$ cat query-v9.csv   # CSV, C-alpha atoms and all ligand atoms
chain,number,residue,atom,x,y,z
A,1,MET,CA,126.6,85.6,83.6
A,2,GLU,CA,128.4,83.4,86.0
A,3,ASN,CA,125.9,80.7,86.5
A,4,SER,CA,123.7,80.7,83.3
A,5,GLU,CA,125.2,77.5,82.0
A,6,ASP,CA,124.5,75.6,85.1
A,7,PHE,CA,121.0,77.1,85.2
A,8,LEU,CA,120.4,76.0,81.6
A,9,THR,CA,121.8,72.5,82.0
A,10,LYS,CA,121.1,71.5,85.6
A,11,GLN,CA,117.7,73.1,86.1
A,12,ALA,CA,114.5,72.3,84.1
A,13,GLN,CA,113.5,75.1,81.7
A,14,THR,CA,109.9,76.1,81.5
A,15,ASN,CA,110.3,78.2,78.3
A,16,PRO,CA,112.9,78.7,75.6
A,17,PHE,CA,113.6,82.3,76.5
A,18,PRO,CA,114.0,82.7,80.2
A,19,PHE,CA,115.0,86.2,81.5
A,20,LEU,CA,118.3,84.9,82.9
A,21,LEU,CA,118.5,87.6,85.4
A,22,GLU,CA,121.0,86.5,88.0
A,23,ILE,CA,119.7,87.5,91.4
A,24,ASP,CA,121.9,88.8,94.1
A,25,SER,CA,119.3,90.3,96.5
A,26,ALA,CA,116.0,92.1,96.7
A,27,SER,CA,114.4,94.6,99.0
A,28,GLY,CA,111.4,96.9,98.8
A,29,VAL,CA,110.6,97.5,95.1
A,30,PHE,CA,114.1,96.6,93.9
A,31,ILE,CA,115.8,93.4,92.7
A,32,ARG,CA,119.6,93.5,92.3
A,33,ASP,CA,121.6,91.3,90.0
A,34,LYS,CA,125.1,89.9,90.5
A,35,LYS,CA,126.7,92.8,88.7
A,36,GLY,CA,125.1,95.3,91.1
A,37,LYS,CA,122.5,96.6,88.7
A,38,SER,CA,119.1,97.5,90.3
A,39,TYR,CA,115.7,96.8,88.7
A,40,PHE,CA,112.3,98.2,89.6
A,41,ASP,CA,110.2,95.1,90.1
A,42,MET,CA,107.0,96.2,88.5
A,43,THR,CA,105.4,92.8,88.6
A,44,ALA,CA,106.2,91.9,92.2
A,45,GLY,CA,107.1,88.4,91.3
A,46,VAL,CA,103.7,88.1,89.5
A,47,ALA,CA,101.6,89.7,92.2
A,48,VAL,CA,103.4,88.1,95.1
A,49,ASN,CA,105.5,90.8,96.8
A,50,ASN,CA,102.6,93.0,97.7
A,51,ILE,CA,104.5,94.5,100.6
A,52,GLY,CA,107.8,94.6,98.7
A,53,HIS,CA,110.7,92.3,98.9
A,54,CYS,CA,112.0,91.2,102.3
A,55,HIS,CA,109.8,93.4,104.4
A,56,PRO,CA,111.6,93.8,107.8
A,57,LYS,CA,108.6,92.7,109.8
A,58,VAL,CA,108.2,89.5,107.7
A,59,ILE,CA,111.9,88.8,108.0
A,60,SER,CA,111.7,89.3,111.8
A,61,ALA,CA,108.7,87.0,112.1
A,62,ILE,CA,110.5,84.3,110.1
A,63,GLN,CA,113.6,84.8,112.3
A,64,ASN,CA,111.5,84.4,115.5
A,65,GLN,CA,109.9,81.3,114.2
A,66,LEU,CA,113.3,79.9,113.1
A,67,GLN,CA,114.4,80.0,116.8
A,68,LYS,CA,111.4,77.9,117.8
A,69,HIS,CA,110.7,75.1,115.3
A,70,LEU,CA,110.4,74.1,111.6
A,71,HIS,CA,108.1,71.3,110.5
A,72,VAL,CA,106.8,69.2,113.3
A,73,MET,CA,103.9,67.2,111.9
A,74,VAL,CA,101.5,66.8,108.9
A,75,TYR,CA,98.9,69.6,109.0
A,76,GLY,CA,96.0,69.1,111.4
A,77,GLU,CA,97.4,67.2,114.4
A,78,TYR,CA,99.4,69.5,116.5
A,79,ILE,CA,98.6,73.0,117.8
A,80,GLN,CA,101.1,75.5,116.4
A,81,ASP,CA,101.4,79.2,117.2
A,82,ALA,CA,102.3,80.3,113.7
A,83,GLN,CA,99.2,78.6,112.2
A,84,LEU,CA,97.0,80.0,114.9
A,85,ALA,CA,98.4,83.5,114.3
A,86,LEU,CA,97.6,83.3,110.6
A,87,SER,CA,94.1,81.9,111.2
A,88,LYS,CA,93.3,84.6,113.7
A,89,GLU,CA,94.6,87.4,111.5
A,90,LEU,CA,92.7,86.1,108.5
A,91,THR,CA,89.4,85.3,110.1
A,92,LYS,CA,89.4,88.7,111.7
A,93,ILE,CA,89.1,90.3,108.3
A,94,LEU,CA,87.0,87.7,106.4
A,95,PRO,CA,83.2,87.7,106.4
A,96,SER,CA,81.5,85.6,109.0
A,97,ASN,CA,80.7,82.7,106.6
A,98,LEU,CA,84.4,82.3,105.9
A,99,ASN,CA,85.3,81.8,109.5
A,100,CYS,CA,87.7,78.8,109.2
A,101,ILE,CA,90.9,78.3,107.1
A,102,TYR,CA,92.8,75.4,105.8
A,103,PRO,CA,96.4,76.4,105.0
A,104,VAL,CA,98.2,74.5,102.2
A,105,ASN,CA,101.4,74.9,100.1
A,106,SER,CA,100.4,76.8,97.0
A,107,GLY,CA,97.6,78.4,95.0
A,108,ALA,CA,97.1,75.3,92.9
A,109,GLU,CA,96.8,73.1,96.0
A,110,ALA,CA,94.2,75.5,97.5
A,111,ASN,CA,92.1,75.2,94.4
A,112,GLU,CA,92.5,71.4,94.2
A,113,ALA,CA,91.3,71.2,97.8
A,114,ALA,CA,88.5,73.7,97.1
A,115,ILE,CA,87.3,71.5,94.2
A,116,LYS,CA,87.3,68.4,96.5
A,117,LEU,CA,85.5,70.4,99.2
A,118,VAL,CA,82.6,71.4,97.0
A,119,LYS,CA,82.2,67.9,95.6
A,120,ARG,CA,82.3,66.4,99.1
A,121,THR,CA,79.9,69.0,100.5
A,122,THR,CA,77.2,68.9,97.8
A,123,ASN,CA,77.6,65.2,96.9
A,124,ARG,CA,77.7,66.3,93.2
A,125,HIS,CA,80.6,66.2,90.7
A,126,LYS,CA,80.1,68.9,88.1
A,127,ILE,CA,82.3,72.0,88.1
A,128,ILE,CA,81.6,75.2,86.1
A,129,THR,CA,84.5,77.3,85.2
A,130,PHE,CA,85.3,80.3,83.0
A,131,LYS,CA,86.9,81.0,79.6
A,132,GLY,CA,90.3,82.7,80.3
A,133,GLY,CA,90.5,81.4,83.9
A,134,TYR,CA,93.8,80.4,85.4
A,135,HIS,CA,93.8,78.3,88.6
A,136,GLY,CA,97.1,76.5,88.6
A,137,SER,CA,99.1,73.8,86.8
A,138,THR,CA,98.3,70.6,88.7
A,139,ILE,CA,95.7,68.3,87.0
A,140,GLY,CA,92.6,69.5,88.9
A,141,ALA,CA,93.5,73.1,88.7
A,142,LEU,CA,94.5,72.8,85.0
A,143,SER,CA,91.2,71.1,84.3
A,144,VAL,CA,89.3,74.1,85.4
A,145,SER,CA,91.6,76.6,83.7
A,146,GLY,CA,90.8,78.0,80.3
A,147,ASN,CA,94.0,78.0,78.2
A,148,GLU,CA,93.5,75.1,75.8
A,149,ASN,CA,97.1,75.3,74.5
A,150,LYS,CA,98.3,74.5,78.0
A,151,LYS,CA,95.8,71.6,78.4
A,152,ARG,CA,95.8,69.7,75.1
A,153,ALA,CA,99.0,67.6,75.8
A,154,PHE,CA,97.8,66.5,79.2
A,155,ARG,CA,94.3,65.1,78.4
A,156,PRO,CA,92.4,63.3,79.6
A,157,LEU,CA,91.9,65.8,82.4
A,158,MET,CA,89.3,65.8,85.2
A,159,PRO,CA,85.8,65.0,83.8
A,160,GLY,CA,82.7,66.9,84.6
A,161,VAL,CA,84.0,70.4,83.8
A,162,GLU,CA,81.9,72.9,81.8
A,163,THR,CA,83.2,76.3,80.7
A,164,ILE,CA,81.1,79.4,80.5
A,165,SER,CA,81.9,83.0,79.5
A,166,LEU,CA,82.4,85.9,81.9
A,167,ASN,CA,79.6,88.5,81.9
A,168,LYS,CA,77.4,86.4,79.7
A,169,MET,CA,74.1,86.2,81.6
A,170,ASP,CA,72.6,83.4,79.3
A,171,ASP,CA,75.4,81.0,80.3
A,172,LEU,CA,74.3,81.1,83.9
A,173,GLY,CA,71.6,78.6,83.0
A,174,LEU,CA,74.3,76.0,82.7
A,175,ILE,CA,74.7,76.1,86.5
A,176,SER,CA,72.3,73.5,87.6
A,177,LYS,CA,71.3,71.2,90.4
A,178,GLN,CA,74.1,68.8,89.2
A,179,THR,CA,76.7,71.5,89.7
A,180,ALA,CA,78.9,71.0,92.8
A,181,GLY,CA,80.7,74.3,92.4
A,182,VAL,CA,81.5,77.3,90.2
A,183,ILE,CA,85.1,78.5,90.3
A,184,LEU,CA,86.0,82.0,89.2
A,185,GLU,CA,88.9,84.4,89.7
A,186,THR,CA,87.1,87.4,91.1
A,187,ILE,CA,89.3,89.4,88.7
A,188,GLN,CA,90.8,87.3,86.0
A,189,GLY,CA,94.6,87.9,86.1
A,190,ASP,CA,96.2,85.7,83.5
A,191,ALA,CA,93.5,86.5,81.0
A,192,GLY,CA,94.8,90.1,81.0
A,193,VAL,CA,92.9,91.7,84.0
A,194,GLN,CA,89.3,91.0,83.0
A,195,ILE,CA,86.8,92.6,85.4
A,196,PRO,CA,83.3,91.3,85.6
A,197,SER,CA,80.3,93.6,86.0
A,198,LYS,CA,78.7,94.0,89.4
A,199,LYS,CA,75.4,93.0,87.9
A,200,TYR,CA,76.9,89.7,86.6
A,201,ILE,CA,78.5,88.8,89.9
A,202,HIS,CA,75.2,89.3,91.7
A,203,ALA,CA,73.4,87.2,89.1
A,204,LEU,CA,76.1,84.5,89.5
A,205,ARG,CA,75.8,84.5,93.3
A,206,LYS,CA,72.0,84.3,93.0
A,207,ARG,CA,72.0,81.4,90.5
A,208,CYS,CA,74.5,79.4,92.6
A,209,SER,CA,72.3,79.9,95.7
A,210,GLU,CA,69.1,78.9,93.8
A,211,VAL,CA,70.5,75.6,92.7
A,212,GLY,CA,72.7,74.8,95.7
A,213,ALA,CA,76.0,75.1,93.8
A,214,MET,CA,78.9,76.4,95.8
A,215,LEU,CA,80.7,79.5,94.7
A,216,ILE,CA,84.5,79.5,94.8
A,217,PHE,CA,86.3,82.8,94.3
A,218,ASP,CA,90.0,82.3,93.5
A,219,GLU,CA,91.7,85.4,94.9
A,220,ILE,CA,95.2,84.0,94.7
A,221,GLN,CA,96.3,86.8,92.4
A,222,CYS,CA,93.7,89.5,93.0
A,223,GLY,CA,93.4,89.2,96.8
A,224,ILE,CA,95.4,90.8,99.7
A,225,GLY,CA,95.1,94.4,98.7
A,226,ARG,CA,96.0,94.1,95.1
A,227,THR,CA,92.8,95.7,93.8
A,228,ALA,CA,92.8,98.4,96.5
A,229,LYS,CA,90.4,96.4,98.6
A,230,MET,CA,91.7,93.7,101.0
A,231,PHE,CA,89.7,91.2,99.0
A,232,ALA,CA,88.5,91.7,95.4
A,233,PHE,CA,85.0,90.4,96.2
A,234,GLU,CA,84.4,93.5,98.3
A,235,HIS,CA,84.1,95.5,95.1
A,236,PHE,CA,81.0,93.5,94.3
A,237,GLU,CA,79.4,93.2,97.7
A,238,VAL,CA,79.1,89.5,97.2
A,239,VAL,CA,80.6,86.8,99.4
A,240,PRO,CA,81.7,83.3,98.1
A,241,ASP,CA,81.2,80.0,99.8
A,242,VAL,CA,84.8,79.2,99.5
A,243,LEU,CA,87.8,81.6,99.0
A,244,THR,CA,91.2,80.6,97.9
A,245,LEU,CA,94.3,82.8,98.6
A,246,GLY,CA,98.0,82.5,97.9
A,247,LYS,CA,100.8,84.5,96.3
A,248,GLY,CA,100.7,87.9,98.1
A,249,LEU,CA,99.5,86.3,101.4
A,250,GLY,CA,102.9,84.8,102.2
A,251,GLY,CA,104.9,88.1,102.1
A,252,GLY,CA,107.4,86.2,99.8
A,253,MET,CA,107.0,82.7,101.3
A,254,SER,CA,105.1,79.9,99.6
A,255,ILE,CA,101.5,79.4,100.9
A,256,GLY,CA,98.0,78.8,99.8
A,257,VAL,CA,94.8,79.0,101.9
A,258,MET,CA,91.3,77.8,101.5
A,259,ALA,CA,88.7,79.6,103.6
A,260,SER,CA,85.1,78.5,104.2
A,261,SER,CA,82.7,78.0,107.0
A,262,LYS,CA,83.7,75.7,109.9
A,263,LYS,CA,80.7,73.6,109.0
A,264,THR,CA,81.8,73.1,105.4
A,265,LEU,CA,85.4,72.5,106.2
A,266,HIS,CA,84.3,69.9,108.8
A,267,ASN,CA,83.5,67.8,105.7
A,268,PHE,CA,87.2,67.0,105.4
A,269,THR,CA,87.1,65.5,108.9
A,270,ASN,CA,84.8,62.5,108.2
A,271,SER,CA,83.7,60.3,105.3
A,272,PRO,CA,86.5,60.1,104.5
A,273,MET,CA,88.5,61.2,107.5
A,274,LEU,CA,91.5,63.2,106.3
A,275,GLY,CA,89.6,64.4,103.2
A,276,HIS,CA,92.6,66.5,102.3
A,277,ILE,CA,96.1,65.7,103.5
A,278,THR,CA,99.1,67.9,103.2
A,279,THR,CA,102.5,67.3,104.9
A,280,PHE,CA,103.9,70.8,104.6
A,281,GLY,CA,100.6,72.8,104.3
A,282,GLY,CA,100.6,75.3,107.2
A,283,HIS,CA,104.4,75.3,107.4
A,284,PRO,CA,105.3,77.4,110.5
A,285,ILE,CA,107.7,79.6,108.6
A,286,SER,CA,105.1,80.4,105.8
A,287,CYS,CA,102.3,80.9,108.4
A,288,SER,CA,104.4,83.3,110.5
A,289,ALA,CA,105.4,85.2,107.4
A,290,ALA,CA,101.8,85.4,106.2
A,291,ALA,CA,100.5,86.5,109.6
A,292,ALA,CA,103.1,89.3,109.7
A,293,CYS,CA,102.3,90.2,106.1
A,294,LEU,CA,98.6,90.7,106.9
A,295,LYS,CA,99.5,92.9,109.8
A,296,VAL,CA,101.8,95.0,107.6
A,297,ILE,CA,99.0,95.5,105.1
A,298,LYS,CA,96.6,96.5,107.8
A,299,GLU,CA,99.0,98.9,109.5
A,300,GLU,CA,101.2,100.3,106.8
A,301,VAL,CA,99.4,100.1,103.4
A,302,SER,CA,96.9,102.7,102.5
A,303,LEU,CA,94.4,101.2,100.1
A,304,GLU,CA,93.4,104.7,99.0
A,305,GLU,CA,97.0,105.2,97.9
A,306,VAL,CA,97.0,101.9,96.1
A,307,GLU,CA,94.1,103.2,94.0
A,308,LYS,CA,95.9,106.6,93.5
A,309,LYS,CA,99.1,104.8,92.3
A,310,GLY,CA,97.0,102.7,89.9
A,311,GLU,CA,95.4,105.8,88.5
A,312,ILE,CA,98.8,107.4,87.9
A,313,LEU,CA,100.1,104.3,86.1
A,314,GLU,CA,96.9,104.1,84.0
A,315,GLN,CA,97.1,107.7,83.0
A,316,GLU,CA,100.9,108.1,82.5
A,317,ILE,CA,101.4,105.0,80.5
A,318,GLY,CA,97.9,104.5,79.1
A,319,ASN,CA,98.0,108.0,77.5
A,320,ASN,CA,100.7,106.9,75.1
A,321,LYS,CA,99.4,106.4,71.5
A,322,GLU,CA,101.1,103.0,71.3
A,323,ILE,CA,98.8,101.7,74.0
A,324,ILE,CA,95.5,100.4,72.6
A,325,CYS,CA,93.6,99.8,75.8
A,326,VAL,CA,94.2,99.6,79.5
A,327,ARG,CA,92.3,97.4,82.0
A,328,ARG,CA,92.9,98.2,85.6
A,329,ILE,CA,91.6,97.6,89.1
A,330,GLY,CA,93.8,99.0,91.9
A,331,LEU,CA,97.4,98.1,91.2
A,332,MET,CA,96.5,95.2,88.8
A,333,LEU,CA,97.0,96.5,85.2
A,334,ALA,CA,97.1,95.2,81.6
A,335,PHE,CA,98.3,97.4,78.8
A,336,ASP,CA,97.3,96.2,75.3
A,337,MET,CA,99.5,96.8,72.3
A,338,ILE,CA,99.2,96.0,68.7
A,339,SER,CA,101.0,92.6,68.9
A,340,SER,CA,102.9,90.2,71.2
A,341,GLU,CA,106.1,91.1,69.3
A,342,ARG,CA,105.5,94.8,70.1
A,343,VAL,CA,105.0,93.9,73.8
A,344,LYS,CA,108.2,91.9,73.8
A,345,LYS,CA,110.2,94.8,72.5
A,346,VAL,CA,108.9,97.0,75.3
A,347,VAL,CA,109.5,94.3,78.0
A,348,ASP,CA,113.1,93.8,76.7
A,349,LYS,CA,113.9,97.5,76.5
A,350,CYS,CA,112.5,98.0,80.0
A,351,PHE,CA,114.7,95.1,81.2
A,352,GLU,CA,117.7,96.7,79.6
A,353,ASN,CA,116.9,100.0,81.3
A,354,GLY,CA,116.2,98.6,84.8
A,355,VAL,CA,112.5,97.9,85.0
A,356,LEU,CA,111.0,94.4,85.2
A,357,LEU,CA,107.7,93.9,83.4
A,358,PHE,CA,106.0,90.7,82.4
A,359,TRP,CA,103.3,89.4,80.0
A,360,PHE,CA,100.2,87.3,80.4
A,361,LEU,CA,100.0,83.6,79.2
A,362,SER,CA,96.4,83.9,77.9
A,363,HIS,CA,96.6,87.5,76.6
A,364,PRO,CA,99.9,87.8,74.7
A,365,ASN,CA,99.2,91.3,73.3
A,366,SER,CA,99.5,92.9,76.7
A,367,PHE,CA,102.1,93.6,79.3
A,368,ARG,CA,101.3,93.4,83.0
A,369,ILE,CA,102.1,95.9,85.7
A,370,SER,CA,101.5,94.9,89.3
A,371,PRO,CA,104.1,96.5,91.5
A,372,PRO,CA,104.5,96.1,95.3
A,373,LEU,CA,101.6,98.1,96.9
A,374,THR,CA,104.2,99.8,99.0
A,375,ILE,CA,106.0,101.4,96.0
A,376,SER,CA,106.6,105.1,96.8
A,377,PHE,CA,105.2,107.8,94.6
A,378,GLN,CA,108.8,108.8,93.7
A,379,GLU,CA,109.7,105.2,92.8
A,380,LEU,CA,106.5,105.0,90.8
A,381,ASN,CA,107.3,108.1,88.8
A,382,ASP,CA,110.9,107.0,88.1
A,383,ALA,CA,109.7,103.6,86.9
A,384,ILE,CA,107.0,105.2,84.7
A,385,LYS,CA,109.6,107.4,83.0
A,386,ILE,CA,111.6,104.3,82.0
A,387,ILE,CA,108.5,102.5,80.7
A,388,VAL,CA,107.3,105.4,78.7
A,389,ASN,CA,110.8,105.9,77.2
A,390,ALA,CA,110.9,102.2,76.3
A,391,ILE,CA,107.6,102.5,74.5
A,392,GLU,CA,108.8,105.5,72.5
A,393,GLU,CA,112.3,104.1,71.8
A,394,THR,CA,110.9,100.8,70.4
A,395,LYS,CA,108.3,102.4,68.1
B,1,LIG,C1,94.4,83.2,90.0
B,1,LIG,C2,95.5,82.2,90.2
B,1,LIG,N1,95.1,81.0,90.8
B,1,LIG,C3,96.0,80.0,91.0
B,1,LIG,C4,97.3,80.2,90.8
B,1,LIG,C5,98.3,79.1,91.1
B,1,LIG,O1,99.1,79.4,92.1
B,1,LIG,P1,100.4,78.6,92.4
B,1,LIG,O2,101.3,79.0,91.2
B,1,LIG,O3,100.9,79.1,93.7
B,1,LIG,O4,100.1,77.2,92.4
B,1,LIG,C6,97.7,81.4,90.2
B,1,LIG,C7,99.2,81.6,89.9
B,1,LIG,O5,99.5,82.3,89.0
B,1,LIG,C8,96.8,82.4,89.9
B,1,LIG,O6,97.2,83.5,89.3

$ encode --input "query-v9.csv" --output "structure tokens"
Amino acid sequence: MENSEDFLTKQAQTNPFPFLLEIDSASGVFIRDKKGKSYFDMTAGVAVNNIGHCHPKVISAIQNQLQKHLHVMVYGEYIQDAQLALSKELTKILPSNLNCIYPVNSGAEANEAAIKLVKRTTNRHKIITFKGGYHGSTIGALSVSGNENKKRAFRPLMPGVETISLNKMDDLGLISKQTAGVILETIQGDAGVQIPSKKYIHALRKRCSEVGAMLIFDEIQCGIGRTAKMFAFEHFEVVPDVLTLGKGLGGGMSIGVMASSKKTLHNFTNSPMLGHITTFGGHPISCSAAAACLKVIKEEVSLEEVEKKGEILEQEIGNNKEIICVRRIGLMLAFDMISSERVKKVVDKCFENGVLLFWFLSHPNSFRISPPLTISFQELNDAIKIIVNAIEETK
């Protein structure tokens, strides 16, 4: 590889065994390397490229915005068309209590801001979070995430955080009148696609309302059509007080969004004024890409087909005897194998044969599949053949 030495010496490494795939270009479901080899991107950049790579309508929205302006001011001062386009598209499809958005730079920043918002709104400081949760890598987001291995070296983290277990009704008693907010990934992604029961989510909502704790749903990974609903909370018929979005929202551009009621978000306006400040949050390029991406999902993506594609993946790969268990909702899938070593062999073999898979940080015995929602049935079948062969060949 031409540039691997520069990559390994001049860029920070996040792990000892990076993929080292040297990217040339990407479009639709494919990523191409510098040697001209094409790969099916079956993780969509970890649940980001929900409408595929470089969707022409997103590219055209970016190009239009490029002709007008880039950054003009710290978020919240000037009226910008791109931000307005995103806020209109998003509030059109959100429930009425989530009628206002605050755009930021990333998923982690959206969660940081959401934690601040519930503290400021309730005048309380305790946060309840969940075992297995992943909310980002900055101090606040890390403090409410579950993976102890990733937290230990960075203590002391944010105080006042208590952890409870998903689907464990008894734990709901820990949510009290001291609790500012409860933060939950509606579907836990990094924990290996853990899906709560409807009964549990209803009880959680009820408990939060009883004690005046605010419910934050983190749909940074599971939102924007990934679960075959526009928002994962629609599966449960429960609405949070604060919703965080990111990843798939940007159509490939970096973005995060915190949505809540206008009344709640008004708490960032006073006492203190500028309760959350972000220079690049609401960047016009990201917002124009996100507004275009939402339109594409509404106009071009059939959520029924997303479900059908998920079923096909579940059956065709899950039926293999080497797969111990599959957890799936829409096109968000985890396949458990006997060990992390076994998973690595499959991921490596798929890579060799032109399919990109990935693992989960907090569930190492599984590989993840979360392709673009726009993958065609033909592409899906072609990728499945390679994955099934890789499972067989590495037995
Ligand atoms: C559920 C969830 N929340 C938050 C984040 C953090 O988002 P970002 O990496 O954009 O900061 C992620 C990223 O993987 C995520 O999956």

$ closest_atom_pairs --input "query-v9.csv" --of "chain A" --to "ligand LIG 1 (chain B)" --cutoff "9 Å" --atoms "all atoms listed in the file" --output "tab-separated table"
residue	atom	partner	partner_atom	distance
A:Val46	CA	B:LIG1	O5	7.2
A:Ala47	CA	B:LIG1	O6	8.1
A:Asn105	CA	B:LIG1	O3	7.7
A:Ser106	CA	B:LIG1	O3	4.1
A:Gly107	CA	B:LIG1	O1	3.4
A:Ala108	CA	B:LIG1	O4	3.6
A:Glu109	CA	B:LIG1	O4	6.4
A:Ala110	CA	B:LIG1	O4	8.0
A:Asn111	CA	B:LIG1	C3	7.1
A:Gly133	CA	B:LIG1	C1	7.5
A:Tyr134	CA	B:LIG1	C2	5.4
A:His135	CA	B:LIG1	C3	3.7
A:Gly136	CA	B:LIG1	C5	3.8
A:Ser137	CA	B:LIG1	O4	6.6
A:Thr138	CA	B:LIG1	O4	7.8
A:Ala141	CA	B:LIG1	C3	7.7
A:Leu184	CA	B:LIG1	C1	8.5
A:Glu185	CA	B:LIG1	C1	5.6
A:Thr186	CA	B:LIG1	C1	8.5
A:Ile187	CA	B:LIG1	C1	8.1
A:Gln188	CA	B:LIG1	C1	6.8
A:Gly189	CA	B:LIG1	O6	6.0
A:Asp190	CA	B:LIG1	O6	6.3
A:Asp218	CA	B:LIG1	C1	5.7
A:Glu219	CA	B:LIG1	C1	6.0
A:Ile220	CA	B:LIG1	C1	4.8
A:Gln221	CA	B:LIG1	O6	4.6
A:Cys222	CA	B:LIG1	C1	7.0
A:Thr244	CA	B:LIG1	N1	8.1
A:Leu245	CA	B:LIG1	N1	8.0
A:Gly246	CA	B:LIG1	O3	6.1
A:Lys247	CA	B:LIG1	O3	6.0
A:Ser254	CA	B:LIG1	O3	7.3
A:Ile255	CA	B:LIG1	O3	7.2
A:Gly256	CA	B:LIG1	O3	6.8

$ closest_residue --input "query-v9.csv" --among "A:Thr43, A:Ser340, A:Thr269, A:Gln83" --to "Ile369 in chain A" --atoms "all atoms listed in the file"
A:Thr43

$ residues_around --input "query-v9.csv" --residues "range 373-377 of chain A" --least-positions-apart "5" --cutoff "8 Å" --atoms "all atoms listed in the file" --output "ChimeraX atom specification"
/A:28-29,50-52,225-226,301,306,309,331

$ residues_near_point --input "query-v9.csv" --point "(81.2, 72.5, 93.7)" --cutoff "10 Å" --atoms "all atoms listed in the file" --output "PyMOL selection string"
chain A and resi 114-128+178-183+208+212-216+241-242

$ atom_distance --input "query-v9.csv" --atom1 "CA of Gly76 in chain A" --atom2 "CA of Ile62 in chain A"
21.0 Å

$ atom_distance --input "query-v9.csv" --atom1 "CA of His69 in chain A" --atom2 "CA of Thr278 in chain A"
18.2 Å

$ closest_residue --input "query-v9.csv" --among "A:Ser4, A:Gln315, A:Thr394, A:Asn149" --to "Asp348 in chain A" --atoms "all atoms listed in the file"
A:Thr394

$ atom_distance --input "query-v9.csv" --atom1 "CA of Ala191 in chain A" --atom2 "CA of Arg155 in chain A"
21.6 Å

$ closest_residue --input "query-v9.csv" --among "A:Asn167, A:Thr91, A:Ser286, A:Thr279" --to "Lys262 in chain A" --atoms "all atoms listed in the file"
A:Thr91

$ closest_residue --input "query-v9.csv" --among "A:Leu265, A:Ala61, A:Cys287, A:Leu142" --to "Leu84 in chain A" --atoms "only C-alpha atoms"
A:Cys287

$ closest_residue --input "query-v9.csv" --among "A:Met169, A:Leu243, A:Gln63, A:Phe280" --to "Arg207 in chain A" --atoms "all atoms listed in the file"
A:Met169

$ closest_residue --input "query-v9.csv" --among "A:Ile285, A:Ile323, A:Leu380, A:Ile387" --to "Val347 in chain A" --atoms "all atoms listed in the file"
A:Ile387

$ residues_around --input "query-v9.csv" --residues "range 34-42 of chain A" --least-positions-apart "5" --cutoff "10 Å" --atoms "all atoms listed in the file" --output "ChimeraX atom specification"
/A:1-2,21-29,47,49,52-53,350-358,368-372,375,379-380,382-384,386

$ write_last_selection --input "query-v9.csv" --atoms "C-alpha atoms" --output "tab-separated table (two decimals), keeping the file's coordinate frame"
chain	number	residue	atom	x	y	z
A	1	MET	CA	126.60	85.60	83.60
A	2	GLU	CA	128.40	83.40	86.00
A	21	LEU	CA	118.50	87.60	85.40
A	22	GLU	CA	121.00	86.50	88.00
A	23	ILE	CA	119.70	87.50	91.40
A	24	ASP	CA	121.90	88.80	94.10
A	25	SER	CA	119.30	90.30	96.50
A	26	ALA	CA	116.00	92.10	96.70
A	27	SER	CA	114.40	94.60	99.00
A	28	GLY	CA	111.40	96.90	98.80
A	29	VAL	CA	110.60	97.50	95.10
A	47	ALA	CA	101.60	89.70	92.20
A	49	ASN	CA	105.50	90.80	96.80
A	52	GLY	CA	107.80	94.60	98.70
A	53	HIS	CA	110.70	92.30	98.90
A	350	CYS	CA	112.50	98.00	80.00
A	351	PHE	CA	114.70	95.10	81.20
A	352	GLU	CA	117.70	96.70	79.60
A	353	ASN	CA	116.90	100.00	81.30
A	354	GLY	CA	116.20	98.60	84.80
A	355	VAL	CA	112.50	97.90	85.00
A	356	LEU	CA	111.00	94.40	85.20
A	357	LEU	CA	107.70	93.90	83.40
A	358	PHE	CA	106.00	90.70	82.40
A	368	ARG	CA	101.30	93.40	83.00
A	369	ILE	CA	102.10	95.90	85.70
A	370	SER	CA	101.50	94.90	89.30
A	371	PRO	CA	104.10	96.50	91.50
A	372	PRO	CA	104.50	96.10	95.30
A	375	ILE	CA	106.00	101.40	96.00
A	379	GLU	CA	109.70	105.20	92.80
A	380	LEU	CA	106.50	105.00	90.80
A	382	ASP	CA	110.90	107.00	88.10
A	383	ALA	CA	109.70	103.60	86.90
A	384	ILE	CA	107.00	105.20	84.70
A	386	ILE	CA	111.60	104.30	82.00

$ residues_around --input "query-v9.csv" --residues "Asp81 in chain A" --least-positions-apart "3" --cutoff "10 Å" --atoms "only C-alpha atoms" --output "PyMOL selection string"
chain A and resi 65+78+84-87+284+287-288

$ residues_around --input "query-v9.csv" --residues "Arg205 in chain A" --least-positions-apart "3" --cutoff "8 Å" --atoms "all atoms listed in the file" --output "PyMOL selection string"
chain A and resi 201-202+208-209+215+238+240

$ write_last_selection --input "query-v9.csv" --atoms "C-alpha atoms" --output "compact mmCIF listing (two decimals), keeping the file's coordinate frame"
# COMPACT_ATOMS: atom_id res chain seq x y z
CA ILE A 201 78.50 88.80 89.90
CA HIS A 202 75.20 89.30 91.70
CA CYS A 208 74.50 79.40 92.60
CA SER A 209 72.30 79.90 95.70
CA LEU A 215 80.70 79.50 94.70
CA VAL A 238 79.10 89.50 97.20
CA PRO A 240 81.70 83.30 98.10
